[in-house]
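Report on one structure; see the data block that follows.
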Amino acid sequence: MSDKPFHFKKFTVNQDRCAMKVGTDGVLLGAWADVSGNPFSVLDIGAGTGLIALMLAQRSDAGVVDAVEIEDAAYEQCVGNFEDSPWNDRLFCYHASIVEFAGEIDDTYDLIVSNPPFYTENISTGDKQRDMARSAASLPFRELLECVSSLLSEEGSFNVIIPYREEEGFGKLAEQYRLFPYRITRVRGAEEGDGAEIKRSLLAFSFKQKETFVDELTIEKGRHQYTEKYVNLTRDFYLKM
């Protein structure tokens, strides 16, 4: 994956020091996350480059857009990306684990987002930074949900992207923390062929039980031919959309 800066319409993400580069999952979550409640405070857990927090600073009028990143180099790069953005007065990154952060912060957030590591297989790429960023062992789902349940405001929304295969188990785990899904979008890469299988789930949770709205999103209708729904979702960000 390229170390080159990734240029969006209104900001640039430097990523040469981050294990996990700008990717479709992060862009999807940043563009999809629910800002309809006009959140005043936003938190991005496991921020990496800071991409999702930057997208939410662009999409919302939130006065506070915080991020938490445990890995040293990623934290420093995230801070730099925040400082170079048009919203540097609203963005702040904490250098801590989410468990440490949740234990020290008394405030709550109206919107919490996370693109958590989800590789459960013990596979080494030879790159410790990248292995840590990809491994679910570095941020177990239960740990994530426990922290979210203490940091989310009573009327708040928690939005996450996970593998589709994990959706059912994640939902059952979330219920143990009084978090209930109200919006689910299942994502497939293409309309046909190998990419037609649903691979990702975008999930929005709140403390209130209500009817769940479920839909699907297909990214491509052909090689580098994007569906209207995907273009509409991401056009405020990608340069060529």
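Ordering of the structure tokens sets the chain letters (A, B, ...), residue numbers begin anew at 1 in every chain, and ligands are numbered from 1 in the order given.
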* Asked: If you run DSSP on the backbone, which residues of segment 20-147 of chain A are alpha helix (DSSP H), as a PyMOL selection string?
  -> chain A and resi 24-32+51-59+72-83+98-104+128-134+141-147
* All strand (DSSP E or B) residues (DSSP, backbone) inside segment 118-235 of chain A, as a ChimeraX atom specification -> /A:119,135,152-163,180-190,198-206,213-222,225-226
Resulting file, chosen residues, N, CA and C atoms, as a compact mmCIF listing (two decimals), in the first residue's frame:
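Saved file selection.txt follows:
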# COMPACT_ATOMS: atom_id res chain seq x y z
N TYR A 119 -8.82 -8.66 12.48
CA TYR A 119 -8.20 -9.90 12.04
C TYR A 119 -7.97 -10.79 13.27
N SER A 135 -4.87 -6.53 14.15
CA SER A 135 -5.25 -7.64 15.02
C SER A 135 -6.34 -7.28 16.01
N LEU A 152 -20.54 7.13 25.81
CA LEU A 152 -21.61 7.62 24.93
C LEU A 152 -22.69 8.33 25.73
N SER A 153 -23.11 9.50 25.23
CA SER A 153 -24.19 10.23 25.90
C SER A 153 -25.50 9.46 25.77
N GLU A 154 -26.44 9.76 26.64
CA GLU A 154 -27.70 8.99 26.70
C GLU A 154 -28.45 9.01 25.37
N GLU A 155 -28.36 10.11 24.65
CA GLU A 155 -29.05 10.23 23.35
C GLU A 155 -28.08 9.98 22.19
N GLY A 156 -26.88 9.52 22.49
CA GLY A 156 -25.82 9.43 21.49
C GLY A 156 -25.93 8.25 20.55
N SER A 157 -25.02 8.23 19.57
CA SER A 157 -24.99 7.20 18.54
C SER A 157 -23.57 6.64 18.43
N PHE A 158 -23.46 5.31 18.39
CA PHE A 158 -22.18 4.64 18.19
C PHE A 158 -22.20 3.96 16.83
N ASN A 159 -21.24 4.30 15.98
CA ASN A 159 -21.18 3.79 14.60
C ASN A 159 -19.87 3.05 14.37
N VAL A 160 -19.97 1.90 13.71
CA VAL A 160 -18.80 1.04 13.57
C VAL A 160 -18.88 0.29 12.24
N ILE A 161 -17.73 -0.09 11.69
CA ILE A 161 -17.69 -0.97 10.52
C ILE A 161 -16.93 -2.24 10.91
N ILE A 162 -17.54 -3.39 10.62
CA ILE A 162 -16.94 -4.68 10.98
C ILE A 162 -17.19 -5.67 9.84
N PRO A 163 -16.49 -6.80 9.85
CA PRO A 163 -16.78 -7.83 8.85
C PRO A 163 -18.22 -8.32 9.00
N PHE A 180 -28.25 -0.94 21.14
CA PHE A 180 -29.15 -1.61 20.21
C PHE A 180 -29.03 -1.01 18.81
N PRO A 181 -28.95 -1.85 17.78
CA PRO A 181 -28.79 -1.33 16.42
C PRO A 181 -30.07 -0.66 15.92
N TYR A 182 -29.92 0.50 15.30
CA TYR A 182 -31.08 1.15 14.68
C TYR A 182 -30.88 1.36 13.18
N ARG A 183 -29.67 1.09 12.71
CA ARG A 183 -29.38 1.24 11.28
C ARG A 183 -28.26 0.29 10.90
N ILE A 184 -28.47 -0.48 9.85
CA ILE A 184 -27.48 -1.44 9.37
C ILE A 184 -27.38 -1.33 7.85
N THR A 185 -26.17 -1.15 7.34
CA THR A 185 -25.93 -1.19 5.90
C THR A 185 -24.90 -2.26 5.61
N ARG A 186 -25.30 -3.24 4.81
CA ARG A 186 -24.38 -4.33 4.46
C ARG A 186 -23.76 -4.02 3.10
N VAL A 187 -22.43 -4.20 3.04
CA VAL A 187 -21.67 -3.70 1.90
C VAL A 187 -21.07 -4.84 1.08
N ARG A 188 -21.28 -4.76 -0.23
CA ARG A 188 -20.62 -5.69 -1.15
C ARG A 188 -19.77 -4.89 -2.12
N GLY A 189 -18.69 -5.48 -2.59
CA GLY A 189 -17.75 -4.75 -3.43
C GLY A 189 -18.24 -4.55 -4.85
N ALA A 190 -18.98 -5.53 -5.37
CA ALA A 190 -19.40 -5.47 -6.77
C ALA A 190 -20.77 -6.12 -6.94
N ILE A 198 -21.37 -10.21 0.37
CA ILE A 198 -21.37 -9.15 1.39
C ILE A 198 -20.17 -9.36 2.30
N LYS A 199 -19.34 -8.32 2.44
CA LYS A 199 -18.10 -8.44 3.21
C LYS A 199 -18.09 -7.58 4.48
N ARG A 200 -18.80 -6.46 4.47
CA ARG A 200 -18.74 -5.53 5.59
C ARG A 200 -20.14 -5.17 6.07
N SER A 201 -20.21 -4.80 7.35
CA SER A 201 -21.45 -4.27 7.92
C SER A 201 -21.16 -2.94 8.58
N LEU A 202 -21.93 -1.93 8.21
CA LEU A 202 -21.92 -0.64 8.89
C LEU A 202 -23.07 -0.66 9.88
N LEU A 203 -22.77 -0.39 11.14
CA LEU A 203 -23.77 -0.52 12.20
C LEU A 203 -23.85 0.76 13.01
N ALA A 204 -25.08 1.19 13.30
CA ALA A 204 -25.30 2.34 14.18
C ALA A 204 -26.12 1.87 15.38
N PHE A 205 -25.62 2.18 16.58
CA PHE A 205 -26.26 1.75 17.83
C PHE A 205 -26.66 2.96 18.67
N SER A 206 -27.70 2.76 19.49
CA SER A 206 -28.05 3.75 20.50
C SER A 206 -28.51 3.00 21.75
N PHE A 213 -33.44 -0.02 10.71
CA PHE A 213 -33.48 0.18 9.26
C PHE A 213 -32.30 -0.56 8.65
N VAL A 214 -32.58 -1.45 7.71
CA VAL A 214 -31.53 -2.27 7.09
C VAL A 214 -31.53 -2.06 5.58
N ASP A 215 -30.35 -1.82 5.01
CA ASP A 215 -30.23 -1.75 3.56
C ASP A 215 -28.88 -2.28 3.12
N GLU A 216 -28.62 -2.22 1.82
CA GLU A 216 -27.36 -2.70 1.27
C GLU A 216 -26.71 -1.61 0.42
N LEU A 217 -25.40 -1.71 0.30
CA LEU A 217 -24.63 -0.79 -0.54
C LEU A 217 -23.67 -1.61 -1.39
N THR A 218 -23.71 -1.42 -2.69
CA THR A 218 -22.75 -2.03 -3.60
C THR A 218 -21.82 -0.94 -4.10
N ILE A 219 -20.52 -1.20 -4.06
CA ILE A 219 -19.54 -0.16 -4.41
C ILE A 219 -19.37 -0.01 -5.92
N GLU A 220 -19.14 -1.13 -6.62
CA GLU A 220 -18.86 -1.05 -8.06
C GLU A 220 -19.90 -1.82 -8.88
N LYS A 221 -20.27 -1.26 -10.03
CA LYS A 221 -21.10 -2.01 -10.98
C LYS A 221 -20.23 -2.61 -12.08
N GLY A 222 -18.99 -2.15 -12.16
CA GLY A 222 -17.99 -2.67 -13.09
C GLY A 222 -16.64 -2.17 -12.61
N GLN A 225 -16.11 1.41 -12.06
CA GLN A 225 -17.39 2.07 -12.36
C GLN A 225 -18.24 1.99 -11.10
N TYR A 226 -18.41 3.12 -10.45
CA TYR A 226 -19.04 3.11 -9.13
C TYR A 226 -20.55 3.28 -9.23
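The interatomic distance for the pair atom CA of Ala31 of chain A and atom CA of Asn115 of chain A works out to 12.5 Å.
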* Given only C-alpha atoms as the counted atoms, nearest of A:Lys229, A:Arg142, A:Arg223, A:Arg178 to Phe207 of chain A -> A:Arg178
* What is the distance between atom CA of Phe82 of chain A and atom CA of Glu146 of chain A, in Å to one decimal? -> 27.2 Å
* Identify, on the basis of only C-alpha atoms, every residue whose closest approach to Gly80 of chain A does not exceed 10 Å; exclude the query and any residue fewer than 4 positions from it along the same chain; express the result as a list in words. =>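 Final neighbour list, sorted by chain and number: Val13, Asn14, Thr49, Gly50, Ala74, Tyr75, Glu76, Asp84, Ser85, Asn88 and Cys93 of chain A.
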What are the closest atom pairs, with distances in Å to one decimal, for all residues of segment 53-172 of chain A lying within 8 Å of segment 41-48 of chain A? Consider only C-alpha atoms, order rows by chain and residue number, and present the result as a tab-separated table.
residue	atom	partner	partner_atom	distance
A:Ala53	CA	A:Asp44	CA	5.9
A:Leu56	CA	A:Val42	CA	8.0
A:Ala62	CA	A:Ser41	CA	5.6
A:Gly63	CA	A:Ser41	CA	6.3
A:Val64	CA	A:Ser41	CA	4.7
A:Val65	CA	A:Val42	CA	4.7
A:Asp66	CA	A:Leu43	CA	4.8
A:Ala67	CA	A:Asp44	CA	4.5
A:Val68	CA	A:Ile45	CA	5.2
A:Glu69	CA	A:Gly46	CA	4.9
A:Ile70	CA	A:Gly46	CA	7.2
A:Ala74	CA	A:Gly48	CA	5.3
A:Tyr75	CA	A:Gly48	CA	6.8
A:Cys78	CA	A:Gly48	CA	6.5
A:Ile98	CA	A:Ile45	CA	6.8
A:Thr108	CA	A:Ser41	CA	8.0
A:Tyr109	CA	A:Ser41	CA	5.1
A:Asp110	CA	A:Ser41	CA	5.4
A:Leu111	CA	A:Val42	CA	4.8
A:Ile112	CA	A:Leu43	CA	4.7
A:Val113	CA	A:Asp44	CA	4.9
A:Ser114	CA	A:Ile45	CA	5.0
A:Asn115	CA	A:Gly46	CA	7.2
A:Pro116	CA	A:Gly46	CA	6.7
Prev. selection, N, CA and C atoms, output as a CSV table (one decimal), in the first residue's frame:
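Result file out.csv:
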chain,number,residue,atom,x,y,z
A,53,ALA,N,-12.1,11.0,11.7
A,53,ALA,CA,-12.4,12.2,12.5
A,53,ALA,C,-12.3,13.5,11.6
A,56,LEU,N,-15.6,13.6,9.7
A,56,LEU,CA,-16.7,14.0,10.5
A,56,LEU,C,-16.6,15.5,10.9
A,62,ALA,N,-19.8,19.9,14.8
A,62,ALA,CA,-19.4,19.5,16.1
A,62,ALA,C,-18.3,20.4,16.6
A,63,GLY,N,-18.4,20.9,17.8
A,63,GLY,CA,-17.4,21.8,18.4
A,63,GLY,C,-16.2,21.0,18.9
A,64,VAL,N,-16.4,19.8,19.2
A,64,VAL,CA,-15.3,18.9,19.7
A,64,VAL,C,-15.3,17.6,18.9
A,65,VAL,N,-14.1,17.4,18.2
A,65,VAL,CA,-13.9,16.2,17.5
A,65,VAL,C,-12.6,15.6,18.0
A,66,ASP,N,-12.7,14.6,18.9
A,66,ASP,CA,-11.6,14.0,19.6
A,66,ASP,C,-11.3,12.7,18.9
A,67,ALA,N,-10.0,12.2,19.1
A,67,ALA,CA,-9.6,10.9,18.6
A,67,ALA,C,-8.7,10.3,19.6
A,68,VAL,N,-8.6,9.0,19.7
A,68,VAL,CA,-7.7,8.3,20.6
A,68,VAL,C,-6.9,7.3,19.7
A,69,GLU,N,-5.6,7.3,19.9
A,69,GLU,CA,-4.7,6.4,19.2
A,69,GLU,C,-3.6,6.0,20.1
A,70,ILE,N,-3.4,4.7,20.2
A,70,ILE,CA,-2.4,4.1,21.1
A,70,ILE,C,-1.0,4.0,20.5
A,74,ALA,N,1.6,6.5,14.7
A,74,ALA,CA,0.2,6.8,14.2
A,74,ALA,C,-0.3,8.0,14.9
A,75,TYR,N,-0.1,8.1,16.2
A,75,TYR,CA,-0.6,9.2,17.0
A,75,TYR,C,0.1,10.5,16.5
A,78,CYS,N,-1.4,11.4,13.1
A,78,CYS,CA,-2.7,11.9,13.3
A,78,CYS,C,-2.7,13.4,13.7
A,98,ILE,N,-7.9,3.1,24.6
A,98,ILE,CA,-9.3,3.5,24.9
A,98,ILE,C,-9.6,3.2,26.3
A,108,THR,N,-19.0,12.8,28.2
A,108,THR,CA,-19.6,11.8,27.2
A,108,THR,C,-19.6,12.5,25.8
A,109,TYR,N,-19.8,11.6,24.8
A,109,TYR,CA,-19.8,12.0,23.4
A,109,TYR,C,-21.1,11.7,22.8
A,110,ASP,N,-21.5,12.6,21.9
A,110,ASP,CA,-22.8,12.4,21.2
A,110,ASP,C,-22.7,11.5,20.0
A,111,LEU,N,-21.5,11.4,19.5
A,111,LEU,CA,-21.2,10.4,18.4
A,111,LEU,C,-19.9,9.8,18.6
A,112,ILE,N,-19.9,8.5,18.6
A,112,ILE,CA,-18.6,7.7,18.7
A,112,ILE,C,-18.5,6.8,17.5
A,113,VAL,N,-17.3,6.8,16.9
A,113,VAL,CA,-17.1,6.0,15.7
A,113,VAL,C,-15.8,5.1,15.9
A,114,SER,N,-15.8,4.0,15.2
A,114,SER,CA,-14.6,3.2,15.3
A,114,SER,C,-14.6,2.2,14.1
A,115,ASN,N,-13.4,2.2,13.5
A,115,ASN,CA,-13.1,1.2,12.5
A,115,ASN,C,-12.0,0.2,13.1
A,116,PRO,N,-12.5,-0.7,14.0
A,116,PRO,CA,-11.6,-1.5,14.8
A,116,PRO,C,-10.8,-2.5,14.1
* **Ser2 of chain A environment, 8 Å, only C-alpha atoms, sequence neighbours closer than 2 positions dropped, as a list in words** =>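 Within the cut-off, the hits are Lys4, Asp16 and Lys21 of chain A.
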* Residue nearest Phe11 of chain A - candidates A:Ala33, A:Cys147, A:Asp236, A:Asn38, atoms counted: only C-alpha atoms ->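 Using only C-alpha atoms, the shortest distance to Phe11 of chain A belongs to A:Asp236.
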* To do: Go ahead and compute the interatomic distance for atom CA of Ser60 of chain A and atom CA of Val35 of chain A, in Å to one decimal.
  =>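 Atom CA of Ser60 of chain A sits 6.5 Å away from atom CA of Val35 of chain A.
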* Among listed residues A:Gln176, A:Ser97, A:Thr24, A:Gln77, nearest Tyr230 of chain A (using only C-alpha atoms) -> A:Thr24
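You can rank A:Asp89, A:Glu175, A:Glu228, A:Asp25 by their closest distance to Phe118 of chain A using only C-alpha atoms, and at the top of that list sits A:Asp25.
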